[in-house]
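start.txt (compact mmCIF, C-alpha atoms and all ligand atoms) appears below.
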# COMPACT_ATOMS: atom_id res chain seq x y z
CA MET N 1 47.28 -14.95 -8.33
CA ARG N 2 46.04 -16.16 -11.73
CA GLY N 3 48.18 -19.28 -11.26
CA TYR N 4 46.70 -19.97 -7.82
CA ILE N 5 43.18 -19.73 -9.27
CA LEU N 6 43.72 -21.77 -12.44
CA ASN N 7 45.87 -24.45 -10.80
CA ASN N 8 43.09 -25.25 -8.30
CA VAL N 9 40.16 -25.70 -10.67
CA ASP N 10 37.99 -28.83 -10.27
CA ALA N 11 38.26 -30.41 -13.72
CA VAL N 12 34.88 -31.07 -15.37
CA THR N 13 35.04 -33.18 -18.53
CA ALA N 14 31.95 -31.65 -20.05
CA LEU N 15 33.46 -28.17 -19.63
CA ALA N 16 36.92 -29.08 -20.96
CA SER N 17 36.30 -27.43 -24.32
CA GLU N 18 33.61 -24.98 -23.14
CA VAL N 19 35.42 -22.63 -20.74
CA ALA N 20 39.01 -21.43 -20.42
CA THR N 21 39.54 -23.11 -17.05
CA GLY N 22 38.29 -26.47 -18.26
CA GLY N 23 36.32 -26.89 -15.04
CA ARG N 24 34.81 -25.25 -11.95
CA LEU N 25 36.70 -22.67 -9.87
CA ASN N 26 37.44 -23.92 -6.32
CA VAL N 27 37.95 -20.93 -4.02
CA ASN N 28 38.72 -23.10 -0.98
CA ASN N 29 41.52 -24.90 -2.79
CA THR N 30 42.90 -21.56 -4.02
CA ILE N 31 42.96 -19.95 -0.53
CA THR N 32 44.49 -23.08 1.04
CA ASP N 33 47.19 -23.07 -1.63
CA ILE N 34 47.92 -19.35 -1.12
CA LEU N 35 48.20 -19.75 2.67
CA ALA N 36 50.44 -22.83 2.29
CA ASN N 37 52.82 -20.82 0.16
CA CYS N 38 52.59 -17.61 2.14
CA THR N 39 55.19 -16.71 4.75
CA ILE N 40 54.28 -13.81 7.05
CA THR N 41 57.42 -12.04 8.08
CA ALA N 42 56.15 -8.50 8.44
CA CYS N 43 54.26 -7.29 11.54
CA ASP N 44 50.92 -6.88 9.78
CA GLN N 45 48.10 -4.82 11.26
CA PRO N 46 45.04 -6.54 12.80
CA TYR N 47 41.81 -6.49 10.79
CA ASN N 48 38.05 -7.10 11.11
CA VAL N 49 37.79 -5.07 14.33
CA HIS N 50 34.13 -5.15 15.38
CA ALA N 51 31.68 -5.35 18.28
CA SER N 52 30.45 -8.90 18.87
CA ALA N 53 28.15 -8.04 21.78
CA PHE N 54 26.80 -4.57 22.29
CA VAL N 55 23.95 -4.06 24.78
CA ASP N 56 23.20 -0.68 26.30
CA THR N 57 26.56 0.33 27.84
CA THR N 58 28.31 -3.06 27.74
CA ALA N 59 30.28 -4.28 24.76
CA THR N 60 32.72 -6.97 23.63
CA PHE N 61 35.08 -6.21 20.75
CA GLU N 62 36.86 -8.78 18.59
CA TRP N 63 39.43 -8.71 15.82
CA ASN N 64 41.65 -10.93 13.70
CA GLY N 65 45.42 -10.60 13.49
CA PHE N 66 48.77 -12.28 13.06
CA SER N 67 50.18 -11.80 16.58
CA THR N 68 49.72 -13.40 20.00
CA ASP N 69 49.54 -10.19 21.98
CA TYR N 70 47.88 -6.89 21.05
CA LEU N 71 47.50 -3.28 22.08
CA PHE N 72 43.87 -2.13 22.25
CA TYR N 73 43.08 1.61 21.97
CA ILE N 74 39.79 3.24 22.90
CA GLN N 75 38.76 6.89 22.75
CA GLU N 76 35.64 8.13 24.54
CA GLY N 77 34.23 11.22 22.83
CA ASN N 78 37.06 13.75 22.48
CA ASN N 79 38.98 12.46 25.54
CA PRO N 80 42.58 11.22 25.17
CA VAL N 81 43.03 7.77 23.62
CA VAL N 82 43.61 5.03 26.23
CA GLU N 83 45.98 2.11 25.47
CA ILE N 84 45.17 -1.34 26.96
CA PRO N 85 47.50 -4.36 26.51
CA VAL N 86 45.70 -7.61 25.56
CA THR N 87 47.63 -10.81 26.16
CA ALA N 88 46.98 -14.00 24.18
CA GLN N 89 43.46 -12.93 23.21
CA THR N 90 41.69 -11.31 20.27
CA SER N 91 38.83 -9.81 22.26
CA ILE N 92 38.17 -7.41 25.12
CA SER N 93 34.98 -6.60 27.07
CA PHE N 94 33.68 -3.46 28.80
CA ASP N 95 30.69 -3.14 31.12
CA THR N 96 31.02 0.46 32.18
CA LEU N 97 30.87 2.51 29.00
CA VAL N 98 29.22 5.90 29.26
CA ALA N 99 25.65 6.06 27.95
CA CYS N 100 24.94 8.01 24.78
CA THR N 101 28.60 8.56 23.93
CA ASP N 102 30.62 8.21 20.72
CA TYR N 103 33.59 5.82 20.87
CA THR N 104 36.40 4.93 18.45
CA ILE N 105 38.63 1.85 18.82
CA TRP N 106 41.79 0.56 17.07
CA VAL N 107 44.08 -2.46 17.57
CA LYS N 108 47.82 -2.93 17.00
CA GLY N 109 49.66 -6.27 16.86
CA ILE N 110 52.76 -6.86 19.05
CA CYS N 111 55.50 -8.67 17.14
CA GLY N 112 58.47 -9.09 19.48
CA SER N 113 59.91 -5.64 20.07
CA ASP N 114 57.97 -4.21 17.17
CA THR N 115 54.29 -3.23 16.81
CA SER N 116 52.12 -3.19 13.72
CA ASN N 117 50.32 -0.23 12.24
CA PHE N 118 46.91 0.63 13.63
CA SER N 119 43.97 -1.38 12.35
CA PHE N 120 41.20 0.53 10.63
CA PRO N 121 39.14 2.38 13.28
CA TYR N 122 35.74 1.09 14.45
CA THR N 123 33.27 3.67 15.73
CA PHE N 124 30.01 3.29 17.65
CA THR N 125 27.62 5.17 19.93
CA THR N 126 26.37 3.66 23.18
CA ASP N 127 22.63 3.52 23.83
CA GLY N 128 20.91 5.74 26.34
CA CYS N 129 20.55 8.97 24.39
CA CYS N 130 17.42 10.78 25.46
CA THR N 131 16.20 11.12 21.87
CA ASN N 132 12.64 11.71 20.74
CA PRO N 133 11.18 8.68 18.92
CA ALA N 134 9.39 8.74 15.58
CA LEU N 135 5.60 8.57 15.73
CA ASN N 136 3.71 5.92 13.74
CA LEU N 137 0.04 6.15 12.84
CA ASP N 138 -1.67 2.95 14.01
CA GLY N 139 -5.25 3.93 13.30
CA PHE N 140 -7.62 6.82 12.70
CA GLY N 141 -11.32 7.60 12.80
CA THR N 142 -13.55 10.60 12.25
CA ASN N 143 -12.66 12.00 15.69
CA GLU N 144 -9.55 10.09 16.79
CA LEU N 145 -5.99 9.13 16.01
CA THR N 146 -3.96 6.23 17.44
CA VAL N 147 -0.19 6.62 17.41
CA SER N 148 2.69 4.50 18.68
CA TRP N 149 6.45 4.79 19.09
CA ASN N 150 9.50 2.67 19.88
CA SER N 151 10.58 2.93 23.52
CA ILE N 152 13.72 4.86 24.43
CA LEU N 153 16.07 3.01 26.82
CA TYR N 154 16.45 5.59 29.55
CA ALA N 155 13.08 7.28 29.18
CA SER N 156 11.16 7.81 32.39
CA GLY N 157 8.16 9.05 30.43
CA TYR N 158 6.87 10.86 27.37
CA GLU N 159 4.84 13.96 26.56
CA LEU N 160 2.84 14.57 23.41
CA ARG N 161 1.24 17.76 22.18
CA TYR N 162 -1.04 18.31 19.20
CA LYS N 163 -2.91 20.97 17.24
CA PRO N 164 -4.56 21.34 13.85
CA GLU N 165 -1.89 21.80 11.20
CA GLY N 166 -0.76 25.42 11.07
CA ALA N 167 -2.69 26.51 14.19
CA ALA N 168 -0.93 28.98 16.47
CA GLU N 169 -1.77 27.27 19.77
CA TRP N 170 -1.30 23.67 20.88
CA ILE N 171 -4.65 22.17 21.90
CA ASP N 172 -3.27 19.98 24.67
CA THR N 173 -0.08 18.42 26.05
CA LEU N 174 -0.62 14.82 27.19
CA ILE N 175 1.63 13.58 29.99
CA GLY N 176 2.09 10.21 31.69
CA ILE N 177 1.40 8.52 28.38
CA SER N 178 2.60 5.25 26.89
CA SER N 179 2.58 3.66 23.46
CA PRO N 180 0.15 3.04 21.79
CA LEU N 181 -1.78 6.22 22.53
CA ASN N 182 -5.37 6.95 21.48
CA ILE N 183 -6.18 10.66 21.08
CA THR N 184 -9.90 11.39 21.02
CA GLY N 185 -12.17 14.41 20.66
CA LEU N 186 -10.60 15.51 17.36
CA ASP N 187 -12.34 17.29 14.51
CA THR N 188 -13.49 15.34 11.46
CA CYS N 189 -11.39 15.47 8.30
CA THR N 190 -8.65 17.55 9.87
CA THR N 191 -4.89 17.25 9.63
CA TYR N 192 -3.23 17.36 13.05
CA GLU N 193 0.35 18.19 13.90
CA LEU N 194 1.79 15.94 16.66
CA GLN N 195 5.11 16.28 18.53
CA ILE N 196 6.54 13.90 21.14
CA LYS N 197 9.17 14.52 23.83
CA THR N 198 11.15 11.89 25.76
CA ILE N 199 11.54 12.59 29.46
CA CYS N 200 14.81 11.23 30.94
CA THR N 201 15.99 11.42 34.54
CA ASP N 202 19.10 13.44 33.88
CA SER N 203 18.58 14.91 30.42
CA THR N 204 15.44 15.99 28.63
CA GLN N 205 15.31 17.37 25.13
CA GLY N 206 12.68 19.64 23.66
CA PHE N 207 9.78 18.38 21.56
CA GLY N 208 10.78 16.69 18.32
CA ASN N 209 9.72 17.21 14.72
CA SER N 210 6.06 17.52 13.80
CA HIS N 211 4.25 14.47 12.46
CA LEU N 212 1.12 15.11 10.37
CA PHE N 213 -1.87 12.76 10.60
CA GLN N 214 -5.42 13.24 9.32
CA THR N 215 -8.71 12.14 10.80
CA SER N 216 -11.27 10.55 8.48
CA GLY N 217 -14.67 11.86 7.46
CA CYS N 218 -13.38 13.76 4.42
CA GLY N 219 -15.72 11.86 2.12
CA ALA N 220 -15.64 8.52 0.38
CA CYS N 221 -12.96 9.62 -2.09
CA TYR N 222 -10.44 10.07 0.73
CA ASP N 223 -11.70 7.68 3.40
CA LEU N 224 -12.53 4.57 1.37
CA THR N 225 -10.27 2.22 -0.58
CA TYR N 226 -11.56 1.45 -4.07
CA CYS N 227 -10.59 -1.53 -6.19
CA ASP N 228 -7.31 -1.32 -8.07
CA VAL N 229 -6.90 -1.03 -11.81
CA VAL N 230 -4.66 -3.94 -12.81
CA GLY N 231 -3.20 -4.77 -16.20
CA ALA N 232 -3.64 -1.51 -18.14
CA ASN N 233 -1.23 -1.07 -21.05
CA ALA N 234 -1.26 2.57 -22.15
CA SER N 235 1.69 2.36 -24.54
CA LEU N 236 -0.45 2.62 -27.70
CA GLU N 237 -3.60 4.45 -26.49
CA TRP N 238 -4.49 6.39 -23.37
CA ILE N 239 -6.84 9.03 -21.94
CA ASP N 240 -5.10 12.18 -23.06
CA SER N 241 -7.36 14.91 -21.72
CA ILE N 242 -10.78 15.34 -20.19
CA VAL N 243 -13.35 18.03 -19.54
CA VAL N 244 -15.62 17.37 -16.54
CA GLY N 245 -18.11 20.09 -15.74
CA TRP N 246 -16.10 23.17 -16.60
CA ASN N 247 -12.68 21.85 -15.63
CA THR N 248 -10.07 20.40 -17.95
CA ASN N 249 -7.22 18.01 -17.16
CA VAL N 250 -4.54 17.15 -19.70
CA SER N 251 -2.71 14.07 -18.48
CA GLY N 252 -0.97 11.80 -21.00
CA ALA N 253 -0.49 8.06 -20.51
CA ASP N 254 0.01 7.92 -16.68
CA ASN N 255 1.28 4.30 -16.84
CA GLY N 256 -2.32 3.19 -17.40
CA TRP N 257 -3.91 4.47 -14.19
CA LEU N 258 -4.09 8.10 -13.06
CA GLN N 259 -4.98 8.22 -9.35
CA SER N 260 -5.79 11.86 -8.75
CA THR N 261 -7.18 13.10 -5.44
CA ASP N 262 -8.02 16.49 -6.95
CA ILE N 263 -11.66 17.52 -6.98
CA ILE N 264 -12.16 17.72 -10.72
CA SER N 265 -15.68 19.18 -10.47
CA THR N 266 -18.50 20.07 -8.12
CA PHE N 267 -22.00 18.79 -8.86
CA LYS N 268 -25.49 19.68 -7.68
CA PRO N 269 -27.94 16.75 -7.48
CA GLY N 270 -30.58 16.82 -10.20
CA LEU N 271 -28.43 18.75 -12.67
CA THR N 272 -26.68 17.64 -15.84
CA TYR N 273 -23.08 18.50 -16.61
CA PRO N 274 -20.92 18.14 -19.73
CA ILE N 275 -18.07 15.65 -20.00
CA ALA N 276 -15.63 15.30 -22.91
CA LEU N 277 -13.02 12.55 -23.15
CA LYS N 278 -10.19 12.59 -25.67
CA PRO N 279 -7.97 9.55 -26.33
CA GLY N 280 -4.30 9.93 -27.20
CA TYR N 281 -2.43 7.54 -29.51
CA SER N 282 1.20 6.71 -30.15
CA GLY N 283 0.29 5.89 -33.77
CA THR N 284 -2.94 4.44 -35.14
CA ALA N 285 -6.20 5.86 -33.79
CA TYR N 286 -8.28 2.95 -32.46
CA THR N 287 -11.96 2.82 -31.51
CA GLU N 288 -11.98 3.44 -27.76
CA HIS N 289 -14.65 2.20 -25.33
CA PHE N 290 -15.49 4.54 -22.45
CA THR N 291 -17.44 3.93 -19.25
CA VAL N 292 -17.66 6.41 -16.36
CA TRP N 293 -18.68 5.66 -12.77
CA ILE N 294 -19.34 8.00 -9.86
CA ASP N 295 -19.79 6.31 -6.46
CA PHE N 296 -23.09 8.13 -5.90
CA ASP N 297 -24.04 6.10 -2.80
CA GLN N 298 -20.51 6.42 -1.34
CA ASN N 299 -20.22 2.75 -0.40
CA GLY N 300 -16.72 2.34 -1.82
CA VAL N 301 -17.91 0.21 -4.74
CA PHE N 302 -18.63 1.15 -8.36
CA ASP N 303 -22.07 -0.46 -8.58
CA ALA N 304 -24.27 -0.70 -11.68
CA THR N 305 -26.28 2.25 -10.33
CA ASP N 306 -23.08 4.33 -10.25
CA THR N 307 -22.61 4.29 -14.04
CA VAL N 308 -22.80 7.68 -15.72
CA PHE N 309 -22.71 6.04 -19.16
CA VAL N 310 -21.57 2.64 -20.39
CA ASN N 311 -19.40 1.58 -23.33
CA GLU N 312 -19.63 4.70 -25.48
CA THR N 313 -17.12 4.62 -28.31
CA THR N 314 -15.07 7.17 -30.23
CA THR N 315 -11.78 7.55 -32.07
CA THR N 316 -11.56 11.31 -31.48
CA VAL N 317 -13.48 13.04 -28.68
CA LEU N 318 -16.43 11.57 -26.78
CA GLN N 319 -18.93 14.24 -25.74
CA GLU N 320 -21.45 13.07 -23.18
CA SER N 321 -23.27 14.35 -20.15
CA ILE N 322 -23.24 13.54 -16.45
CA TYR N 323 -26.60 13.48 -14.67
CA ILE N 324 -26.33 13.68 -10.89
CA PRO N 325 -29.20 11.69 -9.31
CA THR N 326 -31.29 13.58 -6.78
CA ASN N 327 -30.61 10.81 -4.22
CA ALA N 328 -26.81 11.01 -4.60
CA VAL N 329 -25.10 11.11 -1.18
CA HIS N 330 -23.66 14.55 -0.51
CA GLY N 331 -19.93 14.90 0.01
CA ILE N 332 -16.71 14.11 -1.80
CA THR N 333 -16.82 10.84 -3.69
CA LYS N 334 -14.82 9.06 -6.37
CA MET N 335 -15.23 9.19 -10.13
CA ARG N 336 -13.58 6.57 -12.36
CA ILE N 337 -13.16 7.17 -16.09
CA ALA N 338 -12.32 3.95 -17.95
CA MET N 339 -11.03 3.63 -21.49
CA ASN N 340 -10.53 0.21 -23.07
CA GLY N 341 -9.14 -0.18 -26.59
CA THR N 342 -10.96 -3.40 -27.43
CA SER N 343 -14.06 -3.95 -25.31
CA SER N 344 -16.50 -2.55 -22.77
CA PRO N 345 -14.54 -1.53 -19.63
CA VAL N 346 -15.15 -3.15 -16.24
CA ALA N 347 -14.84 -1.17 -13.01
CA CYS N 348 -12.07 -3.31 -11.50
CA PRO N 349 -9.94 -4.84 -14.28
CA THR N 350 -7.61 -7.67 -13.25
CA GLY N 351 -6.24 -8.96 -16.56
CA SER N 352 -4.10 -7.22 -19.18
CA PHE N 353 -5.84 -4.83 -21.58
CA TRP N 354 -5.09 -1.89 -23.84
CA GLY N 355 -6.12 1.53 -22.54
CA GLU N 356 -6.13 3.63 -19.41
CA TYR N 357 -8.22 4.54 -16.34
CA GLU N 358 -8.33 7.86 -14.52
CA ASP N 359 -9.69 8.37 -10.98
CA TYR N 360 -10.71 11.74 -9.56
CA CYS N 361 -12.64 13.11 -6.60
CA VAL N 362 -15.87 15.04 -7.16
CA TYR N 363 -17.98 17.05 -4.75
CA ILE N 364 -21.74 16.57 -4.67
CA GLY N 365 -23.87 19.06 -2.73
CA GLU N 366 -26.74 21.48 -2.93
CA ASP N 367 -24.25 24.36 -2.75
CA ALA N 368 -22.39 23.14 -5.84
CA GLY N 369 -22.78 23.54 -9.53
CA PHE N 370 -24.03 26.31 -11.71
CA ASP N 371 -27.31 28.10 -12.02
CA GLU N 372 -29.53 26.21 -14.46
CA ASN N 373 -30.63 29.45 -16.02
CA GLN N 374 -27.13 30.59 -16.71
CA ILE N 375 -25.39 29.51 -19.88
CA GLU N 376 -21.81 28.29 -19.54
CA PHE N 377 -19.59 26.96 -22.23
CA SER N 378 -16.00 26.08 -22.98
CA LEU N 379 -13.98 25.10 -26.05
CA TYR N 380 -12.03 21.92 -26.38
CA PRO N 381 -9.27 21.22 -27.16
CA ASN N 382 -7.77 24.66 -26.94
CA PRO N 383 -5.42 25.19 -28.77
CA ALA N 384 -6.98 23.13 -31.54
CA GLU N 385 -5.75 22.12 -34.97
CA ASN N 386 -8.75 20.83 -36.94
CA ILE N 387 -11.94 20.26 -34.95
CA LEU N 388 -13.01 22.50 -32.08
CA ASN N 389 -15.62 21.05 -29.71
CA ILE N 390 -18.08 23.38 -28.05
CA ILE N 391 -18.96 22.15 -24.55
CA CYS N 392 -22.25 23.83 -23.75
CA ASN N 393 -25.35 23.18 -21.67
CA ALA N 394 -27.76 24.85 -24.13
CA GLU N 395 -28.93 24.52 -27.72
CA ILE N 396 -26.75 26.58 -30.06
CA ALA N 397 -28.75 28.58 -32.59
CA GLU N 398 -25.76 30.16 -34.30
CA THR N 399 -21.97 29.88 -34.19
CA LYS N 400 -19.60 32.54 -35.47
CA VAL N 401 -15.81 32.78 -35.58
CA PHE N 402 -14.07 36.15 -35.75
CA ASP N 403 -10.39 36.87 -36.23
CA GLN N 404 -8.48 39.32 -34.06
CA SER N 405 -9.47 42.27 -36.23
CA GLY N 406 -13.14 41.42 -35.69
CA LYS N 407 -13.66 40.12 -39.22
CA LEU N 408 -16.27 37.34 -39.49
CA ILE N 409 -14.50 34.19 -40.73
CA ILE N 410 -17.06 31.41 -40.16
CA SER N 411 -20.80 31.49 -39.61
CA MET N 412 -22.94 28.42 -38.90
CA GLN N 413 -26.67 28.15 -38.23
CA SER N 414 -27.98 25.50 -35.76
CA ASN N 415 -25.01 23.49 -34.53
CA ASN N 416 -26.39 20.28 -33.04
CA SER N 417 -23.05 18.46 -33.31
CA LYS N 418 -21.46 21.23 -31.23
CA THR N 419 -18.27 20.98 -33.29
CA ILE N 420 -16.67 23.32 -35.76
CA ASP N 421 -14.08 22.61 -38.45
CA ILE N 422 -11.25 25.15 -38.15
CA SER N 423 -8.70 23.28 -40.29
CA ALA N 424 -8.79 25.99 -42.97
CA LEU N 425 -7.90 28.81 -40.55
CA SER N 426 -4.38 30.21 -40.27
CA SER N 427 -2.60 29.82 -36.95
CA GLY N 428 -3.42 32.44 -34.34
CA PHE N 429 -6.04 33.80 -31.93
CA TYR N 430 -9.77 33.80 -32.77
CA LEU N 431 -13.06 34.52 -31.03
CA LEU N 432 -15.91 32.03 -31.12
CA GLN N 433 -19.39 33.38 -30.49
CA ILE N 434 -22.45 31.27 -29.81
CA THR N 435 -26.04 32.42 -29.81
CA THR N 436 -28.46 30.51 -27.55
CA GLU N 437 -31.97 31.15 -26.34
CA LYS N 438 -30.39 32.63 -23.19
CA GLY N 439 -28.01 35.02 -24.88
CA ILE N 440 -24.83 35.49 -26.86
CA TYR N 441 -21.52 34.32 -25.42
CA VAL N 442 -17.91 34.56 -26.59
CA GLN N 443 -14.74 32.55 -25.90
CA LYS N 444 -11.22 32.95 -27.25
CA PHE N 445 -9.37 30.02 -28.85
CA ILE N 446 -6.03 29.37 -30.49
CA LYS N 447 -5.73 27.68 -33.88
CA GLU N 448 -2.48 25.67 -34.04
CA CA N 501 -4.20 9.91 -18.77
CA CA N 502 -21.38 2.66 -5.00
Same coordinates, now as structure tokens:
Amino acid sequence: MRGYILNNVDAVTALASEVATGGRLNVNNTITDILANCTITACDQPYNVHASAFVDTTATFEWNGFSTDYLFYIQEGNNPVVEIPVTAQTSISFDTLVACTDYTIWVKGICGSDTSNFSFPYTFTTDGCCTNPALNLDGFGTNELTVSWNSILYASGYELRYKPEGAAEWIDTLIGISSPLNITGLDTCTTYELQIKTICTDSTQGFGNSHLFQTSGCGACYDLTYCDVVGANASLEWIDSIVVGWNTNVSGADNGWLQSTDIISTFKPGLTYPIALKPGYSGTAYTEHFTVWIDFDQNGVFDATDTVFVNETTTTVLQESIYIPTNAVHGITKMRIAMNGTSSPVACPTGSFWGEYEDYCVYIGEDAGFDENQIEFSLYPNPAENILNIICNAEIAETKVFDQSGKLIISMQSNNSKTIDISALSSGFYLLQITTEKGIYVQKFIKE
């Protein structure tokens, strides 16, 4: 075989000393040479058995072989194999196959009084099974869904039933329907479970698998499409963890854009909430630029009036506050936290930059948030190694740290920076107590 290949190379002068062949391989020359020197004496089996035309229950099968005459074998389902002689042809056609049935075919070559081995089998299933099609979602609104499906050959009709996901009873079964189908009168922001059934004249299956589709009206964060974050490189610096309101999320690099649909916090218009943003670094700590937007007017765009704060910088932890305007639209909207390692972040970056963005959903409503007269605070990060940040919505008059035995370890008067250096503490559990004008409060933390 090596000889056939190398003896049929197209010589190329420029390649004479560059490659072992001294030229370009010529597959056509090689095959022609092999066939010219090849003498078929054995009764070899046919090959390349396949369907060349296959429509509904008609089919034409073809093969290649080394004989003039052949024996064609076909098995319908589990029935006995049927042998059909084929004279001077390498094809055979059928127009009366049984619908929705598995078939297997083989071919043997006839060589004088001898026959070849069987070819490899070819298997297929005829059309006409009364299967249930998959449902596709074509469109949705606050009170409607539009679905479509591929038609089934022998279907005489379809039925579709639906209910809210997990409900015990089906709301309705729609009959006499065709694709596409618009289903109206649905509840806003609700996931529906849909099942379709194909009706056939002589065989009808049960309803198929459930398909889940949701109506809109869940709030801007879920219904609207916001601009993408393109070009973030978070390999050196990223948003490592955040505190928004009283919730924390520790994330890591997230390939430069975390797209969370979790509701990270609930906000009441007119109130102010804490936010803390901590960068992570693979090595050097850089000065990071942070901007935060909340789509307060729920128009799907991070406008200038949606900025919570702009271009605040830190190398460690940025502590800021979020004021919720009294005219903020109520509902679930999107918050975007942007961190850029070199300059002031834009809402919709399109070029390459160092840093990371994180998107979350937030709920804004009169029933959200905390009582203004109630003190709430949290510690961040926790566990902490050197600096512990106190996230608190009140002035701190005094800060104390106790060990597990109750011994006072640290005591600080007025703590405007709302941070405490714990680098000198041994590893373990401690209690941090703050005194405010509204009372004394305690939280546990772990020193790493
Ligand atoms: Ca992150
Ligand atoms: Ca907006």
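Candidate residues N:Gly217, N:Gly176, N:Gly109, N:Pro164 were compared for distance to Thr191 of chain N, and the nearest is N:Pro164, using all atoms listed in the file.
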Which residues of chain N sit at most 12 Å from ligand CA 501 (chain N), using only C-alpha atoms and all ligand atoms? Give each one's shortest atom pair and distance in Å (one decimal place), in chain and ascending residue order, as a tab-separated table.
residue	atom	partner	partner_atom	distance
N:Ala232	CA	N:CA501	CA	11.5
N:Asn233	CA	N:CA501	CA	11.6
N:Ala234	CA	N:CA501	CA	8.6
N:Ser235	CA	N:CA501	CA	11.2
N:Glu237	CA	N:CA501	CA	9.5
N:Trp238	CA	N:CA501	CA	5.8
N:Ile239	CA	N:CA501	CA	4.2
N:Asp240	CA	N:CA501	CA	4.9
N:Ser241	CA	N:CA501	CA	6.6
N:Ile242	CA	N:CA501	CA	8.6
N:Asn249	CA	N:CA501	CA	8.8
N:Val250	CA	N:CA501	CA	7.3
N:Ser251	CA	N:CA501	CA	4.4
N:Gly252	CA	N:CA501	CA	4.4
N:Ala253	CA	N:CA501	CA	4.5
N:Asp254	CA	N:CA501	CA	5.1
N:Asn255	CA	N:CA501	CA	8.1
N:Gly256	CA	N:CA501	CA	7.1
N:Trp257	CA	N:CA501	CA	7.1
N:Leu258	CA	N:CA501	CA	6.0
N:Gln259	CA	N:CA501	CA	9.6
N:Ser260	CA	N:CA501	CA	10.3
N:Leu277	CA	N:CA501	CA	10.2
N:Lys278	CA	N:CA501	CA	9.5
N:Pro279	CA	N:CA501	CA	8.5
N:Gly280	CA	N:CA501	CA	8.4
N:Tyr281	CA	N:CA501	CA	11.1
N:Arg336	CA	N:CA501	CA	11.8
N:Ile337	CA	N:CA501	CA	9.7
N:Ala338	CA	N:CA501	CA	10.1
N:Met339	CA	N:CA501	CA	9.7
N:Gly355	CA	N:CA501	CA	9.4
N:Glu356	CA	N:CA501	CA	6.6
N:Tyr357	CA	N:CA501	CA	7.1
N:Glu358	CA	N:CA501	CA	6.3
N:Asp359	CA	N:CA501	CA	9.7
N:Tyr360	CA	N:CA501	CA	11.4
Ligand CA 502 (chain N) neighbours within 12 Å using all atoms listed in the file, as a VMD selection string: chain N and resid 220 to 221 224 to 227 293 to 308 328 to 329 333 to 336 347
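Atom pair atom CA of Val82 of chain N / atom CA of Lys108 of chain N: separated by 12.9 Å.
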Close residues, segment 77-81 of chain N itself excluded, 10 Å, all atoms listed in the file, min 6 positions apart in chain, as a ChimeraX atom specification: /N:98,101-106,125
